[in-house]
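Structure file my_file-v1.cif with mmCIF, C-alpha atoms:
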data_data
loop_
_atom_site.label_atom_id
_atom_site.label_comp_id
_atom_site.auth_asym_id
_atom_site.auth_seq_id
_atom_site.Cartn_x
_atom_site.Cartn_y
_atom_site.Cartn_z
CA MET D 581 -74.44 41.53 22.68
CA ILE D 582 -73.31 38.14 21.34
CA THR D 583 -69.65 39.12 21.71
CA PHE D 584 -70.23 40.32 25.28
CA THR D 585 -71.98 37.07 26.21
CA TYR D 586 -69.18 35.00 24.70
CA VAL D 587 -66.44 36.92 26.52
CA PHE D 588 -68.38 36.97 29.80
CA LEU D 589 -68.98 33.21 29.76
CA HIS D 590 -65.32 32.44 29.06
CA ILE D 591 -64.09 34.78 31.77
CA LEU D 592 -66.56 33.15 34.15
CA LEU D 593 -65.30 29.75 33.03
CA LEU D 594 -61.70 30.68 33.85
CA TYR D 595 -62.79 32.11 37.20
CA VAL D 596 -64.59 28.88 38.12
CA PHE D 597 -61.58 26.78 37.21
CA TYR D 598 -59.18 29.01 39.11
CA LYS D 599 -61.39 29.14 42.22
CA TYR D 600 -61.87 25.39 42.38
CA SER D 601 -58.25 24.70 41.45
CA LEU D 602 -57.22 26.34 44.72
CA LYS D 603 -59.31 23.85 46.69
CA PHE D 604 -57.34 20.86 45.43
CA LYS D 605 -54.36 21.90 47.56
CA LYS D 606 -56.36 21.56 50.78
CA LYS D 607 -58.76 18.74 49.99
CA GLN D 608 -57.00 16.24 47.73
CA LEU D 609 -59.07 13.36 49.15
CA GLN D 610 -62.22 15.00 47.74
CA TYR D 611 -60.84 15.24 44.22
CA TRP D 612 -63.92 14.26 42.20
CA LYS D 613 -66.29 16.11 44.50
CA ILE D 614 -64.38 19.34 43.88
CA ALA D 615 -63.83 18.57 40.19
CA SER D 616 -67.53 17.98 39.57
CA ILE D 617 -68.37 21.72 39.61
CA PRO D 618 -65.87 22.87 36.92
CA ILE D 619 -66.65 19.72 34.91
CA ILE D 620 -70.37 20.49 34.90
CA PHE D 621 -69.80 24.19 34.20
CA PHE D 622 -67.45 23.46 31.28
CA SER D 623 -69.83 20.90 29.78
CA LEU D 624 -72.78 23.30 29.92
CA GLU D 625 -70.91 26.43 28.80
CA GLU D 626 -68.99 24.77 25.97
CA GLY D 627 -71.57 22.17 25.00
CA LEU D 628 -74.86 24.10 24.88
CA ARG D 629 -73.78 27.18 22.92
CA TRP D 630 -75.64 27.32 19.62
CA GLY D 631 -73.67 27.40 16.35
CA ARG D 632 -70.17 27.42 17.78
CA PHE D 633 -67.67 27.49 14.91
CA ILE D 634 -67.50 25.67 11.59
CA ASP D 635 -67.55 21.98 12.54
CA TRP D 636 -70.58 22.53 14.78
CA CYS D 637 -72.59 23.78 11.81
CA ALA D 638 -71.30 21.09 9.43
CA TYR D 639 -71.93 18.26 11.89
CA TYR D 640 -75.40 19.56 12.66
CA ASP D 641 -76.61 18.76 9.17
CA THR D 642 -74.70 15.46 9.13
CA TYR D 643 -76.20 14.37 12.45
CA TYR D 644 -79.78 14.89 11.30
CA ASN D 645 -79.56 14.18 7.58
CA GLY D 646 -76.39 12.38 6.52
CA LEU D 647 -74.94 10.29 9.31
CA GLU D 648 -75.28 6.99 7.45
CA THR D 649 -73.47 8.28 4.36
CA SER D 650 -70.83 10.25 6.26
CA LYS D 651 -67.14 9.37 6.15
CA PHE D 652 -66.88 9.30 9.93
CA GLU D 653 -64.90 6.45 11.44
CA PHE D 654 -66.91 3.38 12.45
CA LEU D 655 -67.04 3.84 16.22
CA PHE D 656 -67.77 7.57 16.05
CA LYS D 657 -70.54 6.96 13.52
CA GLU D 658 -72.08 4.19 15.66
CA TRP D 659 -71.87 6.33 18.78
CA TRP D 660 -73.61 9.30 17.17
CA GLY D 661 -75.98 6.92 15.41
CA LEU D 662 -77.12 5.66 18.82
CA PHE D 663 -77.83 9.23 19.90
CA HIS D 664 -79.70 9.84 16.66
CA ASN D 665 -81.83 6.71 17.00
CA LEU D 666 -82.73 7.72 20.56
CA ASN D 667 -83.79 11.17 19.26
CA ILE D 668 -81.23 12.92 21.44
CA PRO D 669 -81.03 16.64 20.54
CA TYR D 670 -77.85 17.70 18.79
CA SER D 671 -76.97 20.15 21.57
CA ILE D 672 -76.93 17.31 24.10
CA VAL D 673 -74.68 15.28 21.82
CA ILE D 674 -72.20 18.15 21.62
CA MET D 675 -72.42 18.65 25.38
CA THR D 676 -71.51 14.97 25.79
CA CYS D 677 -68.42 15.52 23.64
CA SER D 678 -67.42 18.49 25.80
CA LEU D 679 -68.02 16.43 28.92
CA LEU D 680 -65.78 13.66 27.59
CA PHE D 681 -62.98 16.13 26.88
CA ILE D 682 -63.00 17.90 30.24
CA LEU D 683 -63.37 14.60 32.07
CA SER D 684 -60.30 13.25 30.28
CA LEU D 685 -58.29 16.28 31.40
CA PHE D 686 -59.22 15.74 35.04
CA ILE D 687 -58.41 12.04 34.78
CA PHE D 688 -55.02 12.63 33.16
CA PHE D 689 -53.91 15.48 35.42
CA LYS D 690 -55.19 14.04 38.70
CA PRO D 691 -51.67 13.22 39.99
CA TYR D 692 -50.77 16.90 39.62
CA ALA D 693 -53.82 18.32 41.43
CA ASN D 694 -51.71 20.44 43.77
CA LEU D 695 -50.49 22.43 40.73
CA PHE D 696 -53.93 23.00 39.20
CA SER D 697 -54.18 26.65 40.22
CA ILE D 698 -50.98 27.36 38.26
CA PHE D 699 -51.62 25.67 34.95
CA PHE D 700 -55.22 24.45 34.67
CA PRO D 701 -56.93 27.81 33.90
CA VAL D 702 -54.22 28.48 31.31
CA LEU D 703 -54.69 25.00 29.85
CA ILE D 704 -58.43 25.57 29.53
CA SER D 705 -57.98 28.96 27.89
CA PHE D 706 -55.66 27.44 25.25
CA THR D 707 -57.68 24.29 24.51
CA ALA D 708 -61.30 25.44 24.82
CA LEU D 709 -61.26 27.46 21.60
CA SER D 710 -59.95 24.64 19.40
CA ALA D 711 -62.05 22.02 21.21
CA GLU D 712 -65.14 24.04 20.30
CA ASN D 713 -64.42 23.55 16.62
CA PHE D 714 -62.59 20.24 16.13
CA ILE D 715 -65.30 18.11 17.69
CA ARG D 716 -64.36 14.65 16.40
CA TRP D 717 -60.64 15.25 16.83
CA TYR D 718 -61.06 16.11 20.50
CA VAL D 719 -63.34 13.14 21.15
CA ALA D 720 -60.53 10.87 19.94
CA PHE D 721 -57.94 12.93 21.81
CA SER D 722 -59.92 12.49 25.03
CA VAL D 723 -59.67 8.73 24.66
CA ILE D 724 -55.94 9.02 23.91
CA LEU D 725 -55.42 11.12 27.03
CA VAL D 726 -57.16 8.64 29.32
CA SER D 727 -55.36 5.70 27.72
CA PHE D 728 -52.04 7.52 28.14
CA ARG D 729 -52.84 7.98 31.82
CA PHE D 730 -53.30 4.21 32.09
CA PHE D 731 -49.99 3.72 30.27
CA LEU D 732 -48.14 5.98 32.71
CA ASP D 733 -49.78 4.21 35.65
CA LYS D 734 -48.70 0.85 34.18
CA LYS D 735 -52.28 -0.33 33.77
CA PHE D 736 -51.47 -1.80 30.39
CA VAL D 737 -54.62 -3.85 29.82
CA ARG D 738 -56.82 -0.77 30.19
CA PHE D 739 -54.36 1.17 28.03
CA ILE D 740 -54.54 -1.38 25.21
CA ILE D 741 -58.35 -1.53 25.32
CA LEU D 742 -58.77 2.26 25.07
CA ALA D 743 -55.92 2.81 22.62
CA SER D 744 -57.42 0.23 20.25
CA LEU D 745 -60.57 2.36 20.02
CA VAL D 746 -58.80 5.52 18.84
CA PRO D 747 -58.44 4.69 15.09
CA PHE D 748 -62.18 4.00 14.97
CA LEU D 749 -62.94 7.46 16.33
CA HIS D 750 -60.51 9.57 14.28
CA VAL D 751 -57.70 7.89 12.40
CA GLY D 752 -55.91 11.20 11.84
CA ILE D 753 -55.02 11.55 15.52
CA VAL D 754 -53.20 8.21 15.77
CA PRO D 755 -49.72 9.80 15.17
CA VAL D 756 -50.35 12.06 18.19
CA GLY D 757 -50.86 9.02 20.40
CA ILE D 758 -47.73 7.36 19.04
CA ILE D 759 -45.65 10.46 19.74
CA MET D 760 -47.01 10.63 23.30
CA ILE D 761 -45.99 7.02 23.95
CA LEU D 762 -42.55 7.44 22.37
CA SER D 763 -41.92 10.55 24.48
CA THR D 764 -41.88 8.39 27.63
CA PHE D 765 -38.74 6.62 26.39
CA TRP D 766 -36.74 9.86 26.30
CA LYS D 767 -34.41 9.60 29.30
CA TYR D 768 -32.39 12.78 28.97
CA PRO D 769 -33.34 16.03 30.77
CA ILE D 770 -34.64 18.84 28.59
CA SER D 771 -33.67 22.39 29.37
CA PRO D 772 -36.63 24.74 30.05
CA LEU D 773 -34.88 27.35 27.91
CA LEU D 774 -34.84 24.91 24.99
CA VAL D 775 -38.57 24.27 25.43
CA ILE D 776 -39.25 28.03 25.42
CA PHE D 777 -37.04 28.56 22.36
CA VAL D 778 -38.69 25.75 20.39
CA SER D 779 -42.16 27.00 21.36
CA LEU D 780 -41.35 30.53 20.21
CA ALA D 781 -39.87 29.16 16.99
CA PHE D 782 -43.13 27.34 16.26
CA LEU D 783 -45.13 30.50 16.96
CA PHE D 784 -43.06 32.66 14.62
CA LEU D 785 -42.23 30.18 11.86
CA PHE D 786 -45.55 28.41 11.45
CA GLN D 787 -47.41 31.28 9.82
CA ALA D 788 -49.78 30.77 6.90
CA SER D 789 -47.16 31.50 4.25
CA PHE D 790 -44.69 29.11 5.86
CA MET D 791 -47.20 26.27 6.17
CA LEU D 792 -47.85 26.39 2.42
CA ASN D 793 -44.43 24.76 1.99
CA PHE D 794 -45.80 21.55 3.50
CA ILE D 795 -48.72 21.07 1.12
CA PHE D 796 -46.75 18.72 -1.14
CA ILE D 797 -45.88 16.47 1.84
CA VAL D 798 -49.51 16.05 2.90
CA ASP D 799 -50.56 15.49 -0.70
CA LEU D 800 -47.81 12.86 -1.14
CA PHE D 801 -49.08 10.71 1.74
CA PHE D 802 -52.83 11.33 1.64
CA GLY D 803 -53.59 12.60 -1.85
CA ASN D 804 -55.06 9.29 -3.04
CA VAL D 805 -56.84 8.34 0.20
CA GLU D 806 -60.59 8.71 -0.29
CA LYS D 807 -61.28 9.34 3.42
CA PHE D 808 -59.17 12.51 3.27
CA SER D 809 -60.62 13.80 0.00
CA GLY D 810 -62.58 16.55 1.73
CA TYR D 811 -59.46 17.84 3.41
CA MET D 812 -57.38 17.55 0.25
CA ASN D 813 -59.84 19.68 -1.73
CA ASN D 814 -59.21 22.51 0.72
CA LEU D 815 -55.66 21.62 1.69
CA ASP D 816 -54.24 25.12 1.67
CA GLY D 817 -57.21 26.33 3.72
CA TRP D 818 -57.03 23.95 6.68
CA LEU D 819 -53.22 23.73 6.69
CA THR D 820 -52.75 27.51 6.90
CA GLY D 821 -56.03 28.46 8.55
CA ILE D 822 -56.82 31.07 5.89
CA GLY D 823 -60.03 29.48 4.63
CA GLN D 824 -61.39 28.74 8.10
CA ASN D 825 -60.63 32.19 9.43
CA SER D 826 -62.44 33.96 6.61
CA THR D 827 -65.48 31.75 7.01
CA MET D 828 -65.41 32.02 10.78
CA GLU D 829 -65.82 35.78 10.55
CA HIS D 830 -69.30 35.16 9.16
CA LYS D 831 -70.36 32.09 11.12
CA SER D 832 -68.69 32.27 14.53
CA ILE D 833 -70.74 33.58 17.43
CA MET D 834 -67.69 35.52 18.49
CA ILE D 835 -68.47 38.00 15.72
CA PRO D 836 -71.67 40.08 16.16
#

Structure rendered as C-alpha cells:
Amino acid sequence: MITFTYVFLHILLLYVFYKYSLKFKKKQLQYWKIASIPIIFFSLEEGLRWGRFIDWCAYYDTYYNGLETSKFEFLFKEWWGLFHNLNIPYSIVIMTCSLLFILSLFIFFKPYANLFSIFFPVLISFTALSAENFIRWYVAFSVILVSFRFFLDKKFVRFIILASLVPFLHVGIVPVGIIMILSTFWKYPISPLLVIFVSLAFLFLFQASFMLNFIFIVDLFFGNVEKFSGYMNNLDGWLTGIGQNSTMEHKSIMIP
C-alpha cells in the first residue's frame, strides 16, 4: 500500500506539472498565477511525506534534540533554530525546504516558460528523488539557482547578496556555484552529440566500483577537516552509494 501511494503521488505530480506547463504557452503574462498550483502541489506532496529517505530521519532527531550541537553551517542552523524556537513542526520545516527548491526552479526557468511542457516534467522526475534526501544541499542549491538567475540577468547586486549566503548554508556546494558562473564564459558552441556522449559516459563509467578510485582524492583534500568527519567515516558509502542504498531498503517509504 505504501509503494502504491508513493507511485500514485509521483505520477500525479508529473501530471500536474505537465498539465500546467501547457498553459504557459498561451498565458505567459499570468506566469505566477499558473505556477502557483504546481508549486503548492510539489510543496505539499514532497514536503509532508513522513520519513522520506535517510536525511529526513537523521535531521528529525537533530531538529528536536541536537540542533545547537550540530555541525550545520551558521545560516542553516540559525534558520532551523528560528523554526525550532517558534515550535514549528518538523514536517512544516521540510515543506518549507521543498517550497524553496521548487520556487527557485520557477524563478530560474521563467525565461523559458514556453518550453516547460517539454522539459519541466522530466526535470522534476530527475530532481525530486534526490531533493527528497539531500535536504540541506538542495536548500543551498536553491539559493545558488536564484542567484545565478540574477547573474544572467545582470542584476549583480542581488547576485552578490544571495551568493554570499551560500557558504553559510552548505559549504560543500560552493564548487557547483563556481562552475555555473565559469560556464557562462565559454563562448564556443557545443555539439549536442558531444553532450549526449559525455552524459552516457558518466552513466556507464561512474558505477560504484569506478567511484572507489576517487576515495584518495577526497581524503587528500578533506581528510583533516573536522566539518567533514562524518562523511569521511563513511566515505566509500556516500561516494559509491552502496551504504545508502542498503539502508534505504529498510527505511525508505518506497519499500513496503

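You can rank D:Leu628, D:Ile758, D:Val723, D:Ile668 by their closest distance to Phe681 of chain D using all atoms listed in the file, and at the top of that list sits D:Val723.
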
Exercise for the section: Can you give me, as a PyMOL selection string, the residues this file yields under the PyMOL selection byres ((chain D and resi 746-756) around 7)? Expected result: chain D and resi 653-656+716-717+720+723-724+743-745+757-760

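The space separating atom CA of Phe621 of chain D from atom CA of Ile704 of chain D comes to 12.4 Å.
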
Practice task
Name the residues that the PyMOL selection byres ((chain D and resi 611) around 12) picks from the file above, as an NGL selection string, using the file's chain letters and numbers.
Solution key: :D and (600-610 or 612-619 or 686-687 or 689-694 or 696)

Practice task
Just give me the gap between atom CA of Val719 of chain D and atom CA of Cys677 of chain D in Å, one decimal is fine.
Solution key: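 Computing the Euclidean distance for atom CA of Val719 of chain D and atom CA of Cys677 of chain D yields 6.1 Å.
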
Using only C-alpha atoms - which residues lie no farther than 12 Å from the point (-80.9, 19.7, 24.7) in the file's frame? Write them as a PDB file with C-alpha atoms, keeping the file's coordinate frame.
ATOM      1  CA  LEU D 624     -72.780  23.300  29.920  1.00  0.00           C
ATOM      2  CA  GLY D 627     -71.570  22.170  25.000  1.00  0.00           C
ATOM      3  CA  LEU D 628     -74.860  24.100  24.880  1.00  0.00           C
ATOM      4  CA  ARG D 629     -73.780  27.180  22.920  1.00  0.00           C
ATOM      5  CA  TRP D 630     -75.640  27.320  19.620  1.00  0.00           C
ATOM      6  CA  PHE D 663     -77.830   9.230  19.900  1.00  0.00           C
ATOM      7  CA  ASN D 667     -83.790  11.170  19.260  1.00  0.00           C
ATOM      8  CA  ILE D 668     -81.230  12.920  21.440  1.00  0.00           C
ATOM      9  CA  PRO D 669     -81.030  16.640  20.540  1.00  0.00           C
ATOM     10  CA  TYR D 670     -77.850  17.700  18.790  1.00  0.00           C
ATOM     11  CA  SER D 671     -76.970  20.150  21.570  1.00  0.00           C
ATOM     12  CA  ILE D 672     -76.930  17.310  24.100  1.00  0.00           C
ATOM     13  CA  VAL D 673     -74.680  15.280  21.820  1.00  0.00           C
ATOM     14  CA  ILE D 674     -72.200  18.150  21.620  1.00  0.00           C
ATOM     15  CA  MET D 675     -72.420  18.650  25.380  1.00  0.00           C
ATOM     16  CA  THR D 676     -71.510  14.970  25.790  1.00  0.00           C
TER      17      THR D 676
END

Hey, could you pull the box centre and edge lengths for segment 623-637 of chain D, axis-aligned, 4 Å padding per side, all listed atoms, to one decimal in Å, as lines of an AutoDock Vina configuration file?
center_x = -71.6
center_y = 24.2
center_z = 20.8
size_x = 16.1
size_y = 14.6
size_z = 26.3

Handout entry: Shortest interatomic distance to Phe700 of chain D - which of D:Tyr586, D:Thr642, D:Thr649, D:Leu593, counting only C-alpha atoms
Key = D:Leu593

Problem - Nearby residues (only C-alpha atoms) at most 9 Å from Leu594 of chain D, same-chain spacing under 2 positions excluded, as a PyMOL selection string - result: chain D and resi 589-592+596-599+701-702+704-705

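The smallest atom-to-atom distance between Arg632 of chain D and any of D:Leu742, D:Leu732, D:Ala711, D:Val726, using all atoms listed in the file, is found for D:Ala711.
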
Generate N, CA, C and O atoms for segment 669-689 of chain D and emit them as a compact mmCIF listing (two decimals), keeping the file's coordinate frame.
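For reference, rebuild_27.txt as written:
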# COMPACT_ATOMS: atom_id res chain seq x y z
N PRO D 669 -81.30 15.37 21.22
CA PRO D 669 -81.03 16.64 20.54
C PRO D 669 -79.54 16.84 20.27
O PRO D 669 -78.69 16.40 21.07
N TYR D 670 -79.24 17.48 19.18
CA TYR D 670 -77.85 17.70 18.79
C TYR D 670 -77.06 18.43 19.87
O TYR D 670 -75.89 18.12 20.11
N SER D 671 -77.67 19.39 20.52
CA SER D 671 -76.97 20.15 21.57
C SER D 671 -76.52 19.25 22.71
O SER D 671 -75.44 19.45 23.28
N ILE D 672 -77.31 18.24 23.04
CA ILE D 672 -76.93 17.31 24.10
C ILE D 672 -75.78 16.43 23.65
O ILE D 672 -74.89 16.07 24.43
N VAL D 673 -75.77 16.07 22.37
CA VAL D 673 -74.68 15.28 21.82
C VAL D 673 -73.37 16.04 21.92
O VAL D 673 -72.34 15.50 22.35
N ILE D 674 -73.40 17.32 21.54
CA ILE D 674 -72.20 18.15 21.62
C ILE D 674 -71.78 18.34 23.06
O ILE D 674 -70.59 18.33 23.39
N MET D 675 -72.73 18.51 23.95
CA MET D 675 -72.42 18.65 25.38
C MET D 675 -71.73 17.39 25.90
O MET D 675 -70.80 17.47 26.72
N THR D 676 -72.14 16.23 25.41
CA THR D 676 -71.51 14.97 25.79
C THR D 676 -70.06 14.93 25.34
O THR D 676 -69.17 14.45 26.05
N CYS D 677 -69.79 15.46 24.15
CA CYS D 677 -68.42 15.52 23.64
C CYS D 677 -67.57 16.44 24.52
O CYS D 677 -66.41 16.12 24.83
N SER D 678 -68.14 17.57 24.92
CA SER D 678 -67.42 18.49 25.80
C SER D 678 -67.18 17.86 27.16
O SER D 678 -66.11 18.03 27.75
N LEU D 679 -68.16 17.12 27.64
CA LEU D 679 -68.02 16.43 28.92
C LEU D 679 -66.90 15.40 28.85
O LEU D 679 -66.09 15.28 29.79
N LEU D 680 -66.82 14.68 27.76
CA LEU D 680 -65.78 13.66 27.59
C LEU D 680 -64.40 14.31 27.61
O LEU D 680 -63.46 13.78 28.24
N PHE D 681 -64.28 15.45 26.95
CA PHE D 681 -62.98 16.13 26.88
C PHE D 681 -62.53 16.63 28.25
O PHE D 681 -61.41 16.36 28.68
N ILE D 682 -63.39 17.34 28.95
CA ILE D 682 -63.00 17.90 30.24
C ILE D 682 -62.78 16.80 31.27
O ILE D 682 -61.91 16.90 32.14
N LEU D 683 -63.55 15.74 31.17
CA LEU D 683 -63.37 14.60 32.07
C LEU D 683 -62.01 13.95 31.84
O LEU D 683 -61.32 13.56 32.81
N SER D 684 -61.61 13.85 30.59
CA SER D 684 -60.30 13.25 30.28
C SER D 684 -59.16 14.09 30.84
O SER D 684 -58.14 13.54 31.28
N LEU D 685 -59.32 15.41 30.83
CA LEU D 685 -58.29 16.28 31.40
C LEU D 685 -58.15 16.06 32.90
O LEU D 685 -57.03 15.97 33.42
N PHE D 686 -59.27 15.96 33.59
CA PHE D 686 -59.22 15.74 35.04
C PHE D 686 -58.69 14.35 35.38
O PHE D 686 -58.03 14.17 36.41
N ILE D 687 -58.95 13.38 34.55
CA ILE D 687 -58.41 12.04 34.78
C ILE D 687 -56.89 12.04 34.58
O ILE D 687 -56.13 11.52 35.41
N PHE D 688 -56.45 12.65 33.48
CA PHE D 688 -55.02 12.63 33.16
C PHE D 688 -54.20 13.42 34.17
O PHE D 688 -53.12 12.99 34.60
N PHE D 689 -54.70 14.59 34.57
CA PHE D 689 -53.91 15.48 35.42
C PHE D 689 -54.15 15.28 36.92
O PHE D 689 -53.64 16.05 37.72
